[in-house]
Amino acid sequence: MCGRYGRRADKQRIAEWMQAHDTSVFDDSYFEPSYNIAPQSMQPVVRLDGETGERELTVMRWGLVPFWSKDGKAAFNTINAKAEIVTTSPAFREAMKKRRCLVPAGWFYEWSKIDAKTKQPYAIALKDGDLFAFAGLWETWKDKATGRRLETYTVITTDPNELMQPTNGPPIHNRMPVILSPRDYERWLAPGEPSHLPVDLLRPYPAEGMKAWKVGPDVGSVRNNRPELVEPLE
């Protein structure tokens, strides 16, 4: 599961890296660096503009609400979508066909179980420390009573690589978010035939291109959001 992540990149950096136009109606505060991104928060997402077909940078709430939801509430288990079920699950299959997105991130957090009562948080990032994108899905839910529209997203997860679950040594976690290579951004976003969906991209990122380090326990509280959270634990 990926239940927390962070990024140092601001709006300009995200737009440049993802080659996306800023079409968001949200003010710049939604694009500021965040060191402890939690579910139900509003975060930057890149998708294709339905009219122009170009990449657009917008803001959505983390935790996908299916378009057919009666009350517009997202369950905690919709913050992630398992790669194995995105084409079959009622919550994700329509989004997988035509509403795929990129979720900008600089790292993600996971908690490794030490014993029955203790977990050690880790930060996991690309080895070069650069910005990257999770494979995501997005959805629009409309309140029939008020006409209010809500756009939400989910992060797809897959099997762990050798960094997350080494053959020799304690595991960090048994799942990891799908990290896309920039060369695959266009293919992931592009609409296509439902019979030729880019499911082959939903695979673990190469372990040799990633790094992980222990961080302090303060990241466990969503109220904490400061640069020190991602600093290596001494």
# chains A, B, ... in the order shown; residues from 1 in each chain; ligands from 1

call {"tool": "select_by_dssp", "arguments": {"residues": "segment 78-169 of chain A", "states": "alpha helix (DSSP H)", "output": "PyMOL selection string"}}
result
chain A and resi 93-98

call {"tool": "select_by_dssp", "arguments": {"residues": "segment 88-195 of chain A", "states": "strand (DSSP E or B)", "output": "ChimeraX atom specification"}}
result
/A:100-105,107-113,119-126,132-142,149-158,176-177,179-180

call {"tool": "write_last_selection", "arguments": {"atoms": "N, CA and C atoms", "output": "CSV table (one decimal), in the first residue's frame"}}
result
chain,number,residue,atom,x,y,z
A,100,ARG,N,-6.8,7.8,-17.1
A,100,ARG,CA,-5.5,7.6,-16.4
A,100,ARG,C,-4.7,8.9,-16.2
A,101,CYS,N,-3.9,8.9,-15.2
A,101,CYS,CA,-3.2,10.2,-14.8
A,101,CYS,C,-1.8,9.9,-14.3
A,102,LEU,N,-1.1,11.0,-14.1
A,102,LEU,CA,0.3,11.0,-13.5
A,102,LEU,C,0.2,11.7,-12.2
A,103,VAL,N,0.7,11.1,-11.1
A,103,VAL,CA,0.7,11.7,-9.8
A,103,VAL,C,2.1,12.1,-9.4
A,104,PRO,N,2.5,13.4,-9.5
A,104,PRO,CA,3.8,13.8,-9.2
A,104,PRO,C,4.3,13.5,-7.7
A,105,ALA,N,5.5,13.0,-7.6
A,105,ALA,CA,6.0,12.7,-6.2
A,105,ALA,C,7.5,12.8,-6.2
A,107,TRP,N,9.1,11.2,-3.3
A,107,TRP,CA,9.3,10.0,-2.5
A,107,TRP,C,8.0,9.5,-1.9
A,108,PHE,N,8.1,8.3,-1.4
A,108,PHE,CA,6.9,7.8,-0.6
A,108,PHE,C,7.4,7.1,0.6
A,109,TYR,N,6.5,7.0,1.6
A,109,TYR,CA,6.8,6.4,2.9
A,109,TYR,C,6.2,5.0,3.0
A,110,GLU,N,6.9,4.2,3.7
A,110,GLU,CA,6.3,2.9,4.1
A,110,GLU,C,6.9,2.5,5.5
A,111,TRP,N,6.1,1.7,6.2
A,111,TRP,CA,6.5,1.3,7.6
A,111,TRP,C,6.8,-0.1,7.6
A,112,SER,N,8.1,-0.4,8.0
A,112,SER,CA,8.5,-1.8,8.1
A,112,SER,C,8.3,-2.3,9.5
A,113,LYS,N,7.7,-3.5,9.6
A,113,LYS,CA,7.3,-4.1,10.9
A,113,LYS,C,8.5,-4.7,11.5
A,119,LYS,N,7.1,-0.3,14.5
A,119,LYS,CA,7.3,-0.2,13.0
A,119,LYS,C,8.3,0.9,12.7
A,120,GLN,N,9.2,0.7,11.8
A,120,GLN,CA,10.2,1.7,11.4
A,120,GLN,C,9.8,2.4,10.1
A,121,PRO,N,9.5,3.7,10.1
A,121,PRO,CA,9.2,4.3,8.8
A,121,PRO,C,10.4,4.5,7.9
A,122,TYR,N,10.2,4.3,6.6
A,122,TYR,CA,11.2,4.6,5.6
A,122,TYR,C,10.7,5.6,4.6
A,123,ALA,N,11.6,6.3,4.0
A,123,ALA,CA,11.4,7.1,2.8
A,123,ALA,C,12.0,6.4,1.6
A,124,ILE,N,11.3,6.3,0.5
A,124,ILE,CA,11.8,5.6,-0.7
A,124,ILE,C,11.7,6.5,-1.9
A,125,ALA,N,12.8,6.7,-2.6
A,125,ALA,CA,12.8,7.6,-3.7
A,125,ALA,C,13.7,7.0,-4.9
A,126,LEU,N,13.8,7.8,-6.0
A,126,LEU,CA,14.7,7.4,-7.0
A,126,LEU,C,16.1,7.7,-6.6
A,132,PHE,N,9.3,12.2,-9.9
A,132,PHE,CA,8.8,11.1,-10.7
A,132,PHE,C,7.3,11.1,-10.6
A,133,ALA,N,6.7,10.1,-11.3
A,133,ALA,CA,5.2,10.1,-11.3
A,133,ALA,C,4.7,8.7,-11.0
A,134,PHE,N,3.8,8.6,-10.1
A,134,PHE,CA,3.0,7.4,-9.9
A,134,PHE,C,2.0,7.2,-11.0
A,135,ALA,N,1.7,6.0,-11.4
A,135,ALA,CA,0.6,5.7,-12.3
A,135,ALA,C,-0.7,5.8,-11.5
A,136,GLY,N,-1.6,6.7,-12.0
A,136,GLY,CA,-2.8,6.9,-11.2
A,136,GLY,C,-4.0,6.8,-12.1
A,137,LEU,N,-5.2,6.8,-11.5
A,137,LEU,CA,-6.5,6.8,-12.2
A,137,LEU,C,-7.3,7.9,-11.6
A,138,TRP,N,-8.1,8.6,-12.3
A,138,TRP,CA,-9.0,9.6,-11.8
A,138,TRP,C,-10.4,9.4,-12.2
A,139,GLU,N,-11.3,10.1,-11.4
A,139,GLU,CA,-12.7,10.0,-11.6
A,139,GLU,C,-13.4,11.2,-11.3
A,140,THR,N,-14.6,11.5,-11.9
A,140,THR,CA,-15.4,12.6,-11.6
A,140,THR,C,-16.7,12.1,-11.0
A,141,TRP,N,-17.1,12.6,-9.8
A,141,TRP,CA,-18.4,12.2,-9.2
A,141,TRP,C,-19.2,13.4,-9.2
A,142,LYS,N,-20.5,13.3,-9.5
A,142,LYS,CA,-21.4,14.4,-9.5
A,142,LYS,C,-22.6,14.2,-8.6
A,149,ARG,N,-19.5,18.9,-8.5
A,149,ARG,CA,-18.6,17.9,-9.1
A,149,ARG,C,-17.4,17.7,-8.2
A,150,LEU,N,-16.9,16.5,-8.1
A,150,LEU,CA,-15.8,16.2,-7.3
A,150,LEU,C,-14.8,15.3,-8.1
A,151,GLU,N,-13.6,15.8,-8.2
A,151,GLU,CA,-12.6,15.0,-9.0
A,151,GLU,C,-11.6,14.4,-8.0
A,152,THR,N,-11.4,13.1,-8.1
A,152,THR,CA,-10.5,12.3,-7.2
A,152,THR,C,-9.6,11.4,-7.9
A,153,TYR,N,-8.6,10.9,-7.2
A,153,TYR,CA,-7.6,10.0,-7.9
A,153,TYR,C,-7.2,8.9,-6.9
A,154,THR,N,-6.5,7.9,-7.5
A,154,THR,CA,-6.0,6.8,-6.8
A,154,THR,C,-4.6,6.5,-7.3
A,155,VAL,N,-3.7,5.9,-6.5
A,155,VAL,CA,-2.4,5.5,-6.9
A,155,VAL,C,-2.4,4.0,-7.1
A,156,ILE,N,-1.9,3.5,-8.2
A,156,ILE,CA,-1.8,2.1,-8.5
A,156,ILE,C,-0.6,1.5,-7.8
A,157,THR,N,-0.8,0.3,-7.2
A,157,THR,CA,0.3,-0.4,-6.6
A,157,THR,C,0.5,-1.8,-7.2
A,158,THR,N,1.7,-2.3,-7.1
A,158,THR,CA,2.1,-3.6,-7.7
A,158,THR,C,3.0,-4.4,-6.7
A,176,MET,N,4.3,-1.9,-3.5
A,176,MET,CA,4.9,-0.6,-3.8
A,176,MET,C,4.1,0.1,-4.9
A,177,PRO,N,4.1,1.4,-4.9
A,177,PRO,CA,3.4,2.1,-6.0
A,177,PRO,C,4.1,1.9,-7.3
A,179,ILE,N,5.7,3.2,-10.3
A,179,ILE,CA,6.5,4.4,-10.8
A,179,ILE,C,6.7,4.3,-12.3
A,180,LEU,N,6.3,5.3,-13.0
A,180,LEU,CA,6.4,5.2,-14.5
A,180,LEU,C,7.7,5.9,-14.9

call {"tool": "residues_around", "arguments": {"residues": "Tyr35 of chain A", "least_positions_apart": "6", "cutoff": "7 Å", "atoms": "only C-alpha atoms", "output": "number ranges by chain"}}
result
A: 6-7, 225-227, 229

call {"tool": "closest_residue", "arguments": {"among": "A:Gly216, A:Ala38, A:Asp200, A:Asp130", "to": "Val230 of chain A", "atoms": "only C-alpha atoms"}}
result
A:Gly216

call {"tool": "closest_residue", "arguments": {"among": "A:Ala20, A:Leu163, A:Cys2, A:Ala207", "to": "Glu54 of chain A", "atoms": "only C-alpha atoms"}}
result
A:Ala20

call {"tool": "closest_residue", "arguments": {"among": "A:Lys70, A:Met1, A:Val25, A:Asp218", "to": "Ile172 of chain A", "atoms": "only C-alpha atoms"}}
result
A:Met1
